[in-house]
There are 2 protein chains.
Amino acid sequence: MLIDQGLELLDEDECWALVEGTSVGRVGVTVAALPAIFPVNYTVLDGAVVFRTADGSKLHAASEGTVVVFEVDHVDASDRSGWSVMVLGRAEVVSDLGFALRVLDDGLEPWADGVRARIVRITPELVTGRRIVHG
Amino acid sequence: MLIDQGLELLDEDECWALVEGTSVGRVGVTVAALPAIFPVNYTVLDGAVVFRTADGSKLHAASEGTVVVFEVDHVDASDRSGWSVMVLGRAEVVSDLGFALRVLDDGLEPWADGVRARIVRITPELVTGRRIVHG
């Protein structure tokens, strides 16, 4: 177990177990040369992180063919425990109807009202995670 | 009330009330030309977002004099409610001892073990927020 400044570094399997066990994460992108973070509900399909967004939204624009970071975390203030996982990868708007239908069959529905007709897929290139350890 | 794709746009006072009522957020930075997101526990002092980090950490390096985004959110899967606030601003490592002492007096302690000797202050330039509305 590798410890760095009170944080245990998680291996890739642990990271994916945490990502697959969570339903809301955050996408970090650059919008007009400025960093931005958008929460999304998501699913994992064929090893990729998939979420929906609105056509023409900032997130849609920023996700088109660029490297983004997807992050999930959980923190518990009561005992100061917590973990976080970052998935770094190229994002692309899904144009493959077969894949899109499988995403919808997987039950990925946007939580907000309004049309979110774009499905974005992040193909992971680097997955890293850290967990707070005390002791 | 301005609605955009099922999201109500929050005014600045609402945004700050949400930021001040939360204790864990995420900092979005660029590390080696790649986006990264780090969860932090934080406080608000003199209208700035303040958190601690370890000397020499990626977050410390990325926070030095650059524009970063700080994000807080809350989502509730049970009724698909949620909100998020982004604070965009320049981050700097605090060198003012008086300010640093006030931060510590404010009770800002890192949750992980290990020394987190740097205090980073984000001076807000733009604050935006959105809340899911169903209607």
# chains A, B, ... in the order shown; residues from 1 in each chain; ligands from 1
$ calpha_fit_and_write --fixed "chain A" --moving "chain B" --output "mmCIF file with N, CA and C atoms, in the first residue's frame"
data_model
loop_
_atom_site.group_PDB
_atom_site.id
_atom_site.type_symbol
_atom_site.label_atom_id
_atom_site.label_comp_id
_atom_site.auth_asym_id
_atom_site.auth_seq_id
_atom_site.Cartn_x
_atom_site.Cartn_y
_atom_site.Cartn_z
ATOM 1 N N MET B 1 0.846 -1.187 -0.005
ATOM 2 C CA MET B 1 -0.010 0.000 0.004
ATOM 3 C C MET B 1 0.867 1.244 0.013
ATOM 4 N N LEU B 2 0.752 2.029 -1.053
ATOM 5 C CA LEU B 2 1.582 3.216 -1.204
ATOM 6 C C LEU B 2 0.857 4.399 -0.569
ATOM 7 N N ILE B 3 1.528 5.056 0.368
ATOM 8 C CA ILE B 3 0.909 6.189 1.059
ATOM 9 C C ILE B 3 1.623 7.474 0.658
ATOM 10 N N ASP B 4 0.876 8.470 0.282
ATOM 11 C CA ASP B 4 1.450 9.761 -0.094
ATOM 12 C C ASP B 4 0.686 10.848 0.655
ATOM 13 N N GLN B 5 1.325 11.466 1.611
ATOM 14 C CA GLN B 5 0.721 12.575 2.382
ATOM 15 C C GLN B 5 -0.633 12.180 2.986
ATOM 16 N N GLY B 6 -0.686 11.001 3.604
ATOM 17 C CA GLY B 6 -1.925 10.564 4.234
ATOM 18 C C GLY B 6 -2.955 10.031 3.264
ATOM 19 N N LEU B 7 -2.543 9.863 2.001
ATOM 20 C CA LEU B 7 -3.463 9.343 0.985
ATOM 21 C C LEU B 7 -2.901 8.040 0.423
ATOM 22 N N GLU B 8 -3.740 7.002 0.477
ATOM 23 C CA GLU B 8 -3.371 5.718 -0.124
ATOM 24 C C GLU B 8 -3.653 5.796 -1.622
ATOM 25 N N LEU B 9 -2.696 5.403 -2.424
ATOM 26 C CA LEU B 9 -2.918 5.390 -3.874
ATOM 27 C C LEU B 9 -3.637 4.099 -4.242
ATOM 28 N N LEU B 10 -4.740 4.208 -4.945
ATOM 29 C CA LEU B 10 -5.561 3.043 -5.290
ATOM 30 C C LEU B 10 -5.105 2.444 -6.606
ATOM 31 N N ASP B 11 -5.231 1.115 -6.723
ATOM 32 C CA ASP B 11 -4.892 0.523 -8.009
ATOM 33 C C ASP B 11 -6.090 0.628 -8.959
ATOM 34 N N GLU B 12 -5.851 0.286 -10.213
ATOM 35 C CA GLU B 12 -6.864 0.553 -11.236
ATOM 36 C C GLU B 12 -8.161 -0.216 -10.982
ATOM 37 N N ASP B 13 -8.040 -1.460 -10.502
ATOM 38 C CA ASP B 13 -9.259 -2.229 -10.218
ATOM 39 C C ASP B 13 -10.098 -1.569 -9.129
ATOM 40 N N GLU B 14 -9.417 -1.095 -8.085
ATOM 41 C CA GLU B 14 -10.144 -0.394 -7.012
ATOM 42 C C GLU B 14 -10.822 0.854 -7.557
ATOM 43 N N CYS B 15 -10.096 1.572 -8.415
ATOM 44 C CA CYS B 15 -10.661 2.799 -9.001
ATOM 45 C C CYS B 15 -11.937 2.490 -9.769
ATOM 46 N N TRP B 16 -11.883 1.460 -10.616
ATOM 47 C CA TRP B 16 -13.064 1.155 -11.433
ATOM 48 C C TRP B 16 -14.225 0.663 -10.589
ATOM 49 N N ALA B 17 -13.922 -0.082 -9.515
ATOM 50 C CA ALA B 17 -15.000 -0.530 -8.625
ATOM 51 C C ALA B 17 -15.706 0.691 -8.020
ATOM 52 N N LEU B 18 -14.953 1.712 -7.676
ATOM 53 C CA LEU B 18 -15.544 2.922 -7.104
ATOM 54 C C LEU B 18 -16.322 3.697 -8.165
ATOM 55 N N VAL B 19 -15.772 3.797 -9.364
ATOM 56 C CA VAL B 19 -16.475 4.515 -10.443
ATOM 57 C C VAL B 19 -17.784 3.792 -10.769
ATOM 58 N N GLU B 20 -17.726 2.461 -10.829
ATOM 59 C CA GLU B 20 -18.925 1.706 -11.194
ATOM 60 C C GLU B 20 -19.964 1.690 -10.079
ATOM 61 N N GLY B 21 -19.523 1.960 -8.859
ATOM 62 C CA GLY B 21 -20.455 1.970 -7.739
ATOM 63 C C GLY B 21 -21.029 3.351 -7.435
ATOM 64 N N THR B 22 -20.785 4.297 -8.305
ATOM 65 C CA THR B 22 -21.230 5.683 -8.086
ATOM 66 C C THR B 22 -22.057 6.091 -9.297
ATOM 67 N N SER B 23 -22.944 7.072 -9.138
ATOM 68 C CA SER B 23 -23.785 7.442 -10.276
ATOM 69 C C SER B 23 -23.651 8.912 -10.682
ATOM 70 N N VAL B 24 -23.034 9.700 -9.828
ATOM 71 C CA VAL B 24 -22.830 11.118 -10.162
ATOM 72 C C VAL B 24 -21.349 11.445 -10.063
ATOM 73 N N GLY B 25 -20.824 12.064 -11.100
ATOM 74 C CA GLY B 25 -19.429 12.485 -11.102
ATOM 75 C C GLY B 25 -19.327 13.886 -11.664
ATOM 76 N N ARG B 26 -18.130 14.306 -11.916
ATOM 77 C CA ARG B 26 -17.904 15.656 -12.434
ATOM 78 C C ARG B 26 -16.949 15.607 -13.604
ATOM 79 N N VAL B 27 -17.253 16.412 -14.595
ATOM 80 C CA VAL B 27 -16.403 16.490 -15.776
ATOM 81 C C VAL B 27 -15.654 17.819 -15.733
ATOM 82 N N GLY B 28 -14.353 17.749 -15.835
ATOM 83 C CA GLY B 28 -13.520 18.947 -15.867
ATOM 84 C C GLY B 28 -13.063 19.211 -17.288
ATOM 85 N N VAL B 29 -13.409 20.394 -17.780
ATOM 86 C CA VAL B 29 -13.104 20.756 -19.170
ATOM 87 C C VAL B 29 -12.574 22.191 -19.197
ATOM 88 N N THR B 30 -12.200 22.612 -20.371
ATOM 89 C CA THR B 30 -11.785 23.993 -20.572
ATOM 90 C C THR B 30 -12.816 24.670 -21.466
ATOM 91 N N VAL B 31 -13.364 25.781 -20.993
ATOM 92 C CA VAL B 31 -14.343 26.538 -21.773
ATOM 93 C C VAL B 31 -13.779 27.940 -21.971
ATOM 94 N N ALA B 32 -13.535 28.302 -23.219
ATOM 95 C CA ALA B 32 -12.963 29.618 -23.533
ATOM 96 C C ALA B 32 -11.690 29.850 -22.733
ATOM 97 N N ALA B 33 -10.837 28.851 -22.725
ATOM 98 C CA ALA B 33 -9.524 28.914 -22.069
ATOM 99 C C ALA B 33 -9.598 28.973 -20.548
ATOM 100 N N LEU B 34 -10.797 28.760 -19.983
ATOM 101 C CA LEU B 34 -10.944 28.771 -18.529
ATOM 102 C C LEU B 34 -11.431 27.407 -18.052
ATOM 103 N N PRO B 35 -10.954 26.964 -16.896
ATOM 104 C CA PRO B 35 -11.390 25.656 -16.405
ATOM 105 C C PRO B 35 -12.838 25.705 -15.936
ATOM 106 N N ALA B 36 -13.534 24.601 -16.116
ATOM 107 C CA ALA B 36 -14.923 24.499 -15.669
ATOM 108 C C ALA B 36 -15.189 23.064 -15.222
ATOM 109 N N ILE B 37 -16.102 22.915 -14.276
ATOM 110 C CA ILE B 37 -16.469 21.597 -13.752
ATOM 111 C C ILE B 37 -17.986 21.470 -13.804
ATOM 112 N N PHE B 38 -18.473 20.393 -14.417
ATOM 113 C CA PHE B 38 -19.913 20.162 -14.515
ATOM 114 C C PHE B 38 -20.261 18.806 -13.891
ATOM 115 N N PRO B 39 -21.191 18.792 -12.938
ATOM 116 C CA PRO B 39 -21.654 17.492 -12.434
ATOM 117 C C PRO B 39 -22.507 16.781 -13.483
ATOM 118 N N VAL B 40 -22.371 15.481 -13.561
ATOM 119 C CA VAL B 40 -23.185 14.679 -14.491
ATOM 120 C C VAL B 40 -23.565 13.373 -13.813
ATOM 121 N N ASN B 41 -24.748 12.857 -14.172
ATOM 122 C CA ASN B 41 -24.975 11.456 -13.836
ATOM 123 C C ASN B 41 -24.520 10.645 -15.043
ATOM 124 N N TYR B 42 -24.019 9.451 -14.769
ATOM 125 C CA TYR B 42 -23.266 8.740 -15.806
ATOM 126 C C TYR B 42 -23.454 7.241 -15.648
ATOM 127 N N THR B 43 -22.965 6.536 -16.635
ATOM 128 C CA THR B 43 -22.862 5.083 -16.519
ATOM 129 C C THR B 43 -21.522 4.659 -17.113
ATOM 130 N N VAL B 44 -21.156 3.414 -16.889
ATOM 131 C CA VAL B 44 -19.925 2.875 -17.480
ATOM 132 C C VAL B 44 -20.331 1.779 -18.446
ATOM 133 N N LEU B 45 -19.908 1.889 -19.688
ATOM 134 C CA LEU B 45 -20.263 0.909 -20.709
ATOM 135 C C LEU B 45 -19.023 0.598 -21.537
ATOM 136 N N ASP B 46 -18.723 -0.674 -21.682
ATOM 137 C CA ASP B 46 -17.531 -1.105 -22.428
ATOM 138 C C ASP B 46 -16.273 -0.411 -21.922
ATOM 139 N N GLY B 47 -16.208 -0.201 -20.623
ATOM 140 C CA GLY B 47 -15.013 0.404 -20.037
ATOM 141 C C GLY B 47 -14.891 1.898 -20.242
ATOM 142 N N ALA B 48 -15.933 2.521 -20.792
ATOM 143 C CA ALA B 48 -15.903 3.972 -20.991
ATOM 144 C C ALA B 48 -16.928 4.642 -20.089
ATOM 145 N N VAL B 49 -16.655 5.875 -19.704
ATOM 146 C CA VAL B 49 -17.603 6.677 -18.926
ATOM 147 C C VAL B 49 -18.517 7.396 -19.912
ATOM 148 N N VAL B 50 -19.830 7.304 -19.689
ATOM 149 C CA VAL B 50 -20.796 7.837 -20.646
ATOM 150 C C VAL B 50 -21.793 8.725 -19.910
ATOM 151 N N PHE B 51 -22.053 9.896 -20.461
ATOM 152 C CA PHE B 51 -23.070 10.782 -19.873
ATOM 153 C C PHE B 51 -23.826 11.489 -20.983
ATOM 154 N N ARG B 52 -24.917 12.134 -20.611
ATOM 155 C CA ARG B 52 -25.723 12.864 -21.590
ATOM 156 C C ARG B 52 -25.620 14.363 -21.373
ATOM 157 N N THR B 53 -25.732 15.096 -22.428
ATOM 158 C CA THR B 53 -25.689 16.549 -22.310
ATOM 159 C C THR B 53 -26.548 17.163 -23.404
ATOM 160 N N ALA B 54 -26.807 18.458 -23.259
ATOM 161 C CA ALA B 54 -27.672 19.134 -24.224
ATOM 162 C C ALA B 54 -26.857 19.603 -25.427
ATOM 163 N N ASP B 55 -27.467 19.476 -26.583
ATOM 164 C CA ASP B 55 -26.871 19.962 -27.818
ATOM 165 C C ASP B 55 -26.580 21.457 -27.661
ATOM 166 N N GLY B 56 -25.372 21.845 -27.957
ATOM 167 C CA GLY B 56 -25.043 23.270 -27.900
ATOM 168 C C GLY B 56 -24.655 23.775 -26.518
ATOM 169 N N SER B 57 -24.700 22.904 -25.505
ATOM 170 C CA SER B 57 -24.301 23.340 -24.161
ATOM 171 C C SER B 57 -22.787 23.533 -24.111
ATOM 172 N N LYS B 58 -22.342 24.248 -23.084
ATOM 173 C CA LYS B 58 -20.898 24.436 -22.903
ATOM 174 C C LYS B 58 -20.204 23.083 -22.757
ATOM 175 N N LEU B 59 -20.865 22.199 -22.008
ATOM 176 C CA LEU B 59 -20.253 20.885 -21.787
ATOM 177 C C LEU B 59 -20.157 20.108 -23.086
ATOM 178 N N HIS B 60 -21.186 20.205 -23.923
ATOM 179 C CA HIS B 60 -21.155 19.535 -25.212
ATOM 180 C C HIS B 60 -19.990 20.066 -26.050
ATOM 181 N N ALA B 61 -19.890 21.388 -26.113
ATOM 182 C CA ALA B 61 -18.836 22.005 -26.927
ATOM 183 C C ALA B 61 -17.456 21.603 -26.421
ATOM 184 N N ALA B 62 -17.320 21.605 -25.100
ATOM 185 C CA ALA B 62 -16.009 21.360 -24.524
ATOM 186 C C ALA B 62 -15.612 19.892 -24.578
ATOM 187 N N SER B 63 -16.596 19.028 -24.799
ATOM 188 C CA SER B 63 -16.334 17.586 -24.752
ATOM 189 C C SER B 63 -15.992 17.013 -26.116
ATOM 190 N N GLU B 64 -16.081 17.816 -27.130
ATOM 191 C CA GLU B 64 -15.958 17.302 -28.494
ATOM 192 C C GLU B 64 -14.491 17.090 -28.880
ATOM 193 N N GLY B 65 -14.048 15.862 -28.737
ATOM 194 C CA GLY B 65 -12.714 15.514 -29.223
ATOM 195 C C GLY B 65 -11.559 16.004 -28.379
ATOM 196 N N THR B 66 -11.824 16.411 -27.151
ATOM 197 C CA THR B 66 -10.740 16.924 -26.312
ATOM 198 C C THR B 66 -10.480 15.994 -25.130
ATOM 199 N N VAL B 67 -9.342 16.162 -24.524
ATOM 200 C CA VAL B 67 -9.027 15.406 -23.319
ATOM 201 C C VAL B 67 -9.708 16.093 -22.136
ATOM 202 N N VAL B 68 -10.481 15.319 -21.409
ATOM 203 C CA VAL B 68 -11.193 15.838 -20.243
ATOM 204 C C VAL B 68 -10.846 14.976 -19.037
ATOM 205 N N VAL B 69 -11.172 15.461 -17.867
ATOM 206 C CA VAL B 69 -11.051 14.629 -16.684
ATOM 207 C C VAL B 69 -12.451 14.370 -16.140
ATOM 208 N N PHE B 70 -12.667 13.141 -15.740
ATOM 209 C CA PHE B 70 -13.902 12.760 -15.066
ATOM 210 C C PHE B 70 -13.519 12.370 -13.645
ATOM 211 N N GLU B 71 -14.257 12.909 -12.687
ATOM 212 C CA GLU B 71 -13.882 12.663 -11.289
ATOM 213 C C GLU B 71 -15.087 12.209 -10.495
ATOM 214 N N VAL B 72 -14.891 11.228 -9.638
ATOM 215 C CA VAL B 72 -15.893 10.853 -8.637
ATOM 216 C C VAL B 72 -15.203 10.850 -7.284
ATOM 217 N N ASP B 73 -15.951 11.164 -6.261
ATOM 218 C CA ASP B 73 -15.373 11.117 -4.927
ATOM 219 C C ASP B 73 -16.466 10.847 -3.917
ATOM 220 N N HIS B 74 -16.042 10.542 -2.722
ATOM 221 C CA HIS B 74 -16.974 10.410 -1.601
ATOM 222 C C HIS B 74 -16.222 10.848 -0.362
ATOM 223 N N VAL B 75 -16.820 11.753 0.380
ATOM 224 C CA VAL B 75 -16.190 12.188 1.620
ATOM 225 C C VAL B 75 -17.214 12.123 2.730
ATOM 226 N N ASP B 76 -16.739 11.781 3.902
ATOM 227 C CA ASP B 76 -17.607 11.693 5.072
ATOM 228 C C ASP B 76 -16.995 12.571 6.161
ATOM 229 N N ALA B 77 -17.662 13.698 6.402
ATOM 230 C CA ALA B 77 -17.116 14.663 7.358
ATOM 231 C C ALA B 77 -17.068 14.087 8.775
ATOM 232 N N SER B 78 -17.956 13.131 9.071
ATOM 233 C CA SER B 78 -18.066 12.661 10.455
ATOM 234 C C SER B 78 -16.785 11.962 10.914
ATOM 235 N N ASP B 79 -16.161 11.197 10.033
ATOM 236 C CA ASP B 79 -14.917 10.531 10.434
ATOM 237 C C ASP B 79 -13.748 10.929 9.527
ATOM 238 N N ARG B 80 -13.954 11.982 8.740
ATOM 239 C CA ARG B 80 -12.897 12.489 7.860
ATOM 240 C C ARG B 80 -12.344 11.416 6.943
ATOM 241 N N SER B 81 -13.222 10.534 6.488
ATOM 242 C CA SER B 81 -12.795 9.523 5.519
ATOM 243 C C SER B 81 -13.164 10.018 4.122
ATOM 244 N N GLY B 82 -12.563 9.407 3.148
ATOM 245 C CA GLY B 82 -12.920 9.808 1.799
ATOM 246 C C GLY B 82 -12.010 9.196 0.752
ATOM 247 N N TRP B 83 -12.464 9.255 -0.479
ATOM 248 C CA TRP B 83 -11.653 8.790 -1.604
ATOM 249 C C TRP B 83 -12.021 9.632 -2.819
ATOM 250 N N SER B 84 -11.150 9.592 -3.812
ATOM 251 C CA SER B 84 -11.475 10.221 -5.091
ATOM 252 C C SER B 84 -10.768 9.462 -6.205
ATOM 253 N N VAL B 85 -11.417 9.445 -7.348
ATOM 254 C CA VAL B 85 -10.861 8.780 -8.536
ATOM 255 C C VAL B 85 -10.949 9.755 -9.705
ATOM 256 N N MET B 86 -9.884 9.834 -10.480
ATOM 257 C CA MET B 86 -9.878 10.636 -11.698
ATOM 258 C C MET B 86 -9.677 9.730 -12.906
ATOM 259 N N VAL B 87 -10.507 9.924 -13.903
ATOM 260 C CA VAL B 87 -10.381 9.212 -15.188
ATOM 261 C C VAL B 87 -10.044 10.270 -16.237
ATOM 262 N N LEU B 88 -8.879 10.134 -16.813
ATOM 263 C CA LEU B 88 -8.455 11.086 -17.829
ATOM 264 C C LEU B 88 -8.618 10.427 -19.191
ATOM 265 N N GLY B 89 -9.210 11.134 -20.116
ATOM 266 C CA GLY B 89 -9.371 10.515 -21.429
ATOM 267 C C GLY B 89 -9.978 11.453 -22.438
ATOM 268 N N ARG B 90 -9.996 11.002 -23.664
ATOM 269 C CA ARG B 90 -10.546 11.811 -24.741
ATOM 270 C C ARG B 90 -12.064 11.628 -24.772
ATOM 271 N N ALA B 91 -12.757 12.749 -24.869
ATOM 272 C CA ALA B 91 -14.216 12.701 -24.931
ATOM 273 C C ALA B 91 -14.669 12.856 -26.373
ATOM 274 N N GLU B 92 -15.748 12.184 -26.699
ATOM 275 C CA GLU B 92 -16.302 12.321 -28.043
ATOM 276 C C GLU B 92 -17.812 12.157 -27.951
ATOM 277 N N VAL B 93 -18.502 12.855 -28.815
ATOM 278 C CA VAL B 93 -19.942 12.691 -28.905
ATOM 279 C C VAL B 93 -20.209 11.401 -29.669
ATOM 280 N N VAL B 94 -21.054 10.560 -29.104
ATOM 281 C CA VAL B 94 -21.318 9.237 -29.683
ATOM 282 C C VAL B 94 -22.182 9.388 -30.934
ATOM 283 N N SER B 95 -21.726 8.822 -32.033
ATOM 284 C CA SER B 95 -22.535 8.846 -33.252
ATOM 285 C C SER B 95 -22.999 7.442 -33.625
ATOM 286 N N ASP B 96 -22.481 6.450 -32.909
ATOM 287 C CA ASP B 96 -22.793 5.043 -33.174
ATOM 288 C C ASP B 96 -24.159 4.724 -32.547
ATOM 289 N N LEU B 97 -25.160 4.520 -33.383
ATOM 290 C CA LEU B 97 -26.520 4.306 -32.893
ATOM 291 C C LEU B 97 -26.616 3.068 -32.004
ATOM 292 N N GLY B 98 -25.902 2.026 -32.386
ATOM 293 C CA GLY B 98 -25.936 0.802 -31.582
ATOM 294 C C GLY B 98 -25.454 1.052 -30.167
ATOM 295 N N PHE B 99 -24.364 1.782 -30.058
ATOM 296 C CA PHE B 99 -23.833 2.108 -28.730
ATOM 297 C C PHE B 99 -24.818 2.991 -27.972
ATOM 298 N N ALA B 100 -25.378 3.976 -28.689
ATOM 299 C CA ALA B 100 -26.326 4.906 -28.055
ATOM 300 C C ALA B 100 -27.523 4.145 -27.488
ATOM 301 N N LEU B 101 -28.035 3.199 -28.247
ATOM 302 C CA LEU B 101 -29.194 2.441 -27.771
ATOM 303 C C LEU B 101 -28.844 1.622 -26.537
ATOM 304 N N ARG B 102 -27.625 1.082 -26.518
ATOM 305 C CA ARG B 102 -27.204 0.309 -25.339
ATOM 306 C C ARG B 102 -27.086 1.223 -24.116
ATOM 307 N N VAL B 103 -26.638 2.467 -24.341
ATOM 308 C CA VAL B 103 -26.563 3.421 -23.230
ATOM 309 C C VAL B 103 -27.960 3.683 -22.673
ATOM 310 N N LEU B 104 -28.912 3.890 -23.577
ATOM 311 C CA LEU B 104 -30.279 4.165 -23.126
ATOM 312 C C LEU B 104 -30.872 2.939 -22.443
ATOM 313 N N ASP B 105 -30.609 1.757 -22.993
ATOM 314 C CA ASP B 105 -31.087 0.524 -22.364
ATOM 315 C C ASP B 105 -30.498 0.358 -20.969
ATOM 316 N N ASP B 106 -29.307 0.912 -20.786
ATOM 317 C CA ASP B 106 -28.632 0.836 -19.497
ATOM 318 C C ASP B 106 -29.306 1.754 -18.475
ATOM 319 N N GLY B 107 -30.270 2.547 -18.940
ATOM 320 C CA GLY B 107 -31.043 3.373 -18.009
ATOM 321 C C GLY B 107 -30.456 4.737 -17.747
ATOM 322 N N LEU B 108 -29.591 5.213 -18.624
ATOM 323 C CA LEU B 108 -28.995 6.526 -18.385
ATOM 324 C C LEU B 108 -29.956 7.623 -18.828
ATOM 325 N N GLU B 109 -30.614 8.228 -17.846
ATOM 326 C CA GLU B 109 -31.548 9.323 -18.114
ATOM 327 C C GLU B 109 -31.031 10.582 -17.461
ATOM 328 N N PRO B 110 -31.115 11.716 -18.144
ATOM 329 C CA PRO B 110 -30.732 12.969 -17.489
ATOM 330 C C PRO B 110 -31.698 13.282 -16.360
ATOM 331 N N TRP B 111 -31.196 13.906 -15.305
ATOM 332 C CA TRP B 111 -32.043 14.231 -14.154
ATOM 333 C C TRP B 111 -32.795 15.527 -14.343
ATOM 334 N N ALA B 112 -32.184 16.461 -15.046
ATOM 335 C CA ALA B 112 -32.861 17.734 -15.269
ATOM 336 C C ALA B 112 -33.846 17.578 -16.418
ATOM 337 N N ASP B 113 -34.875 18.443 -16.435
ATOM 338 C CA ASP B 113 -35.760 18.497 -17.583
ATOM 339 C C ASP B 113 -34.992 19.103 -18.765
ATOM 340 N N GLY B 114 -35.621 19.106 -19.912
ATOM 341 C CA GLY B 114 -34.953 19.646 -21.098
ATOM 342 C C GLY B 114 -34.315 18.509 -21.871
ATOM 343 N N VAL B 115 -34.121 18.735 -23.131
ATOM 344 C CA VAL B 115 -33.599 17.683 -23.998
ATOM 345 C C VAL B 115 -32.085 17.577 -23.838
ATOM 346 N N ARG B 116 -31.608 16.381 -23.574
ATOM 347 C CA ARG B 116 -30.160 16.147 -23.528
ATOM 348 C C ARG B 116 -29.835 15.066 -24.547
ATOM 349 N N ALA B 117 -29.779 15.529 -25.795
ATOM 350 C CA ALA B 117 -29.775 14.606 -26.921
ATOM 351 C C ALA B 117 -28.388 14.106 -27.291
ATOM 352 N N ARG B 118 -27.379 14.613 -26.623
ATOM 353 C CA ARG B 118 -26.024 14.173 -26.937
ATOM 354 C C ARG B 118 -25.531 13.185 -25.901
ATOM 355 N N ILE B 119 -24.933 12.122 -26.375
ATOM 356 C CA ILE B 119 -24.287 11.164 -25.489
ATOM 357 C C ILE B 119 -22.783 11.339 -25.670
ATOM 358 N N VAL B 120 -22.102 11.589 -24.579
ATOM 359 C CA VAL B 120 -20.656 11.784 -24.628
ATOM 360 C C VAL B 120 -19.980 10.568 -23.992
ATOM 361 N N ARG B 121 -18.944 10.085 -24.677
ATOM 362 C CA ARG B 121 -18.196 8.933 -24.179
ATOM 363 C C ARG B 121 -16.765 9.384 -23.882
ATOM 364 N N ILE B 122 -16.274 9.054 -22.701
ATOM 365 C CA ILE B 122 -14.873 9.335 -22.353
ATOM 366 C C ILE B 122 -14.124 8.011 -22.382
ATOM 367 N N THR B 123 -13.194 7.892 -23.311
ATOM 368 C CA THR B 123 -12.384 6.680 -23.410
ATOM 369 C C THR B 123 -11.168 6.856 -22.500
ATOM 370 N N PRO B 124 -11.080 6.040 -21.450
ATOM 371 C CA PRO B 124 -10.054 6.260 -20.430
ATOM 372 C C PRO B 124 -8.639 6.009 -20.956
ATOM 373 N N GLU B 125 -7.748 6.895 -20.578
ATOM 374 C CA GLU B 125 -6.328 6.691 -20.880
ATOM 375 C C GLU B 125 -5.517 6.541 -19.603
ATOM 376 N N LEU B 126 -5.971 7.204 -18.542
ATOM 377 C CA LEU B 126 -5.258 7.123 -17.268
ATOM 378 C C LEU B 126 -6.281 7.185 -16.144
ATOM 379 N N VAL B 127 -6.199 6.240 -15.224
ATOM 380 C CA VAL B 127 -7.130 6.204 -14.095
ATOM 381 C C VAL B 127 -6.308 6.213 -12.814
ATOM 382 N N THR B 128 -6.582 7.173 -11.945
ATOM 383 C CA THR B 128 -5.845 7.276 -10.692
ATOM 384 C C THR B 128 -6.826 7.505 -9.549
ATOM 385 N N GLY B 129 -6.469 7.032 -8.372
ATOM 386 C CA GLY B 129 -7.361 7.213 -7.238
ATOM 387 C C GLY B 129 -6.592 7.305 -5.934
ATOM 388 N N ARG B 130 -7.195 7.955 -4.979
ATOM 389 C CA ARG B 130 -6.580 8.145 -3.677
ATOM 390 C C ARG B 130 -7.637 7.983 -2.592
ATOM 391 N N ARG B 131 -7.212 7.450 -1.476
ATOM 392 C CA ARG B 131 -8.128 7.283 -0.342
ATOM 393 C C ARG B 131 -7.443 7.832 0.909
ATOM 394 N N ILE B 132 -8.201 8.563 1.707
ATOM 395 C CA ILE B 132 -7.644 9.061 2.972
ATOM 396 C C ILE B 132 -7.422 7.885 3.912
ATOM 397 N N VAL B 133 -6.235 7.812 4.490
ATOM 398 C CA VAL B 133 -5.972 6.800 5.522
ATOM 399 C C VAL B 133 -5.508 7.522 6.783
ATOM 400 N N HIS B 134 -5.983 7.039 7.903
ATOM 401 C CA HIS B 134 -5.522 7.583 9.180
ATOM 402 C C HIS B 134 -4.733 6.490 9.880
ATOM 403 N N GLY B 135 -3.581 6.845 10.374
ATOM 404 C CA GLY B 135 -2.829 5.730 10.935
ATOM 405 C C GLY B 135 -1.745 6.128 11.875
#
$ select_by_dssp --residues "segment 76-135 of chain B" --states "helix (DSSP H, G or I)" --output "list in words"
Leu97, Gly98, Phe99, Ala100, Leu101, Arg102, Val103, Leu104 and Asp105 of chain B
$ write_last_selection --atoms "N, CA, C and O atoms" --output "mmCIF file, in the first residue's frame"
data_model
loop_
_atom_site.group_PDB
_atom_site.id
_atom_site.type_symbol
_atom_site.label_atom_id
_atom_site.label_comp_id
_atom_site.auth_asym_id
_atom_site.auth_seq_id
_atom_site.Cartn_x
_atom_site.Cartn_y
_atom_site.Cartn_z
ATOM 1 N N LEU B 97 0.891 36.193 6.948
ATOM 2 C CA LEU B 97 0.759 35.430 8.187
ATOM 3 C C LEU B 97 -0.541 35.752 8.919
ATOM 4 O O LEU B 97 -1.198 34.869 9.471
ATOM 5 N N GLY B 98 -0.913 37.019 8.905
ATOM 6 C CA GLY B 98 -2.152 37.408 9.581
ATOM 7 C C GLY B 98 -3.352 36.689 8.998
ATOM 8 O O GLY B 98 -4.200 36.152 9.728
ATOM 9 N N PHE B 99 -3.404 36.640 7.684
ATOM 10 C CA PHE B 99 -4.510 35.939 7.021
ATOM 11 C C PHE B 99 -4.451 34.449 7.337
ATOM 12 O O PHE B 99 -5.467 33.820 7.642
ATOM 13 N N ALA B 100 -3.231 33.896 7.287
ATOM 14 C CA ALA B 100 -3.058 32.459 7.550
ATOM 15 C C ALA B 100 -3.557 32.108 8.951
ATOM 16 O O ALA B 100 -4.252 31.103 9.149
ATOM 17 N N LEU B 101 -3.225 32.935 9.920
ATOM 18 C CA LEU B 101 -3.657 32.651 11.290
ATOM 19 C C LEU B 101 -5.174 32.706 11.410
ATOM 20 O O LEU B 101 -5.789 31.904 12.109
ATOM 21 N N ARG B 102 -5.784 33.645 10.686
ATOM 22 C CA ARG B 102 -7.253 33.732 10.722
ATOM 23 C C ARG B 102 -7.877 32.487 10.087
ATOM 24 O O ARG B 102 -8.920 32.015 10.528
ATOM 25 N N VAL B 103 -7.228 31.963 9.037
ATOM 26 C CA VAL B 103 -7.727 30.732 8.418
ATOM 27 C C VAL B 103 -7.680 29.585 9.424
ATOM 28 O O VAL B 103 -8.641 28.831 9.584
ATOM 29 N N LEU B 104 -6.560 29.487 10.134
ATOM 30 C CA LEU B 104 -6.426 28.404 11.112
ATOM 31 C C LEU B 104 -7.410 28.597 12.260
ATOM 32 O O LEU B 104 -8.035 27.636 12.720
ATOM 33 N N ASP B 105 -7.580 29.839 12.705
ATOM 34 C CA ASP B 105 -8.555 30.119 13.761
ATOM 35 C C ASP B 105 -9.965 29.749 13.318
ATOM 36 O O ASP B 105 -10.822 29.400 14.130
#
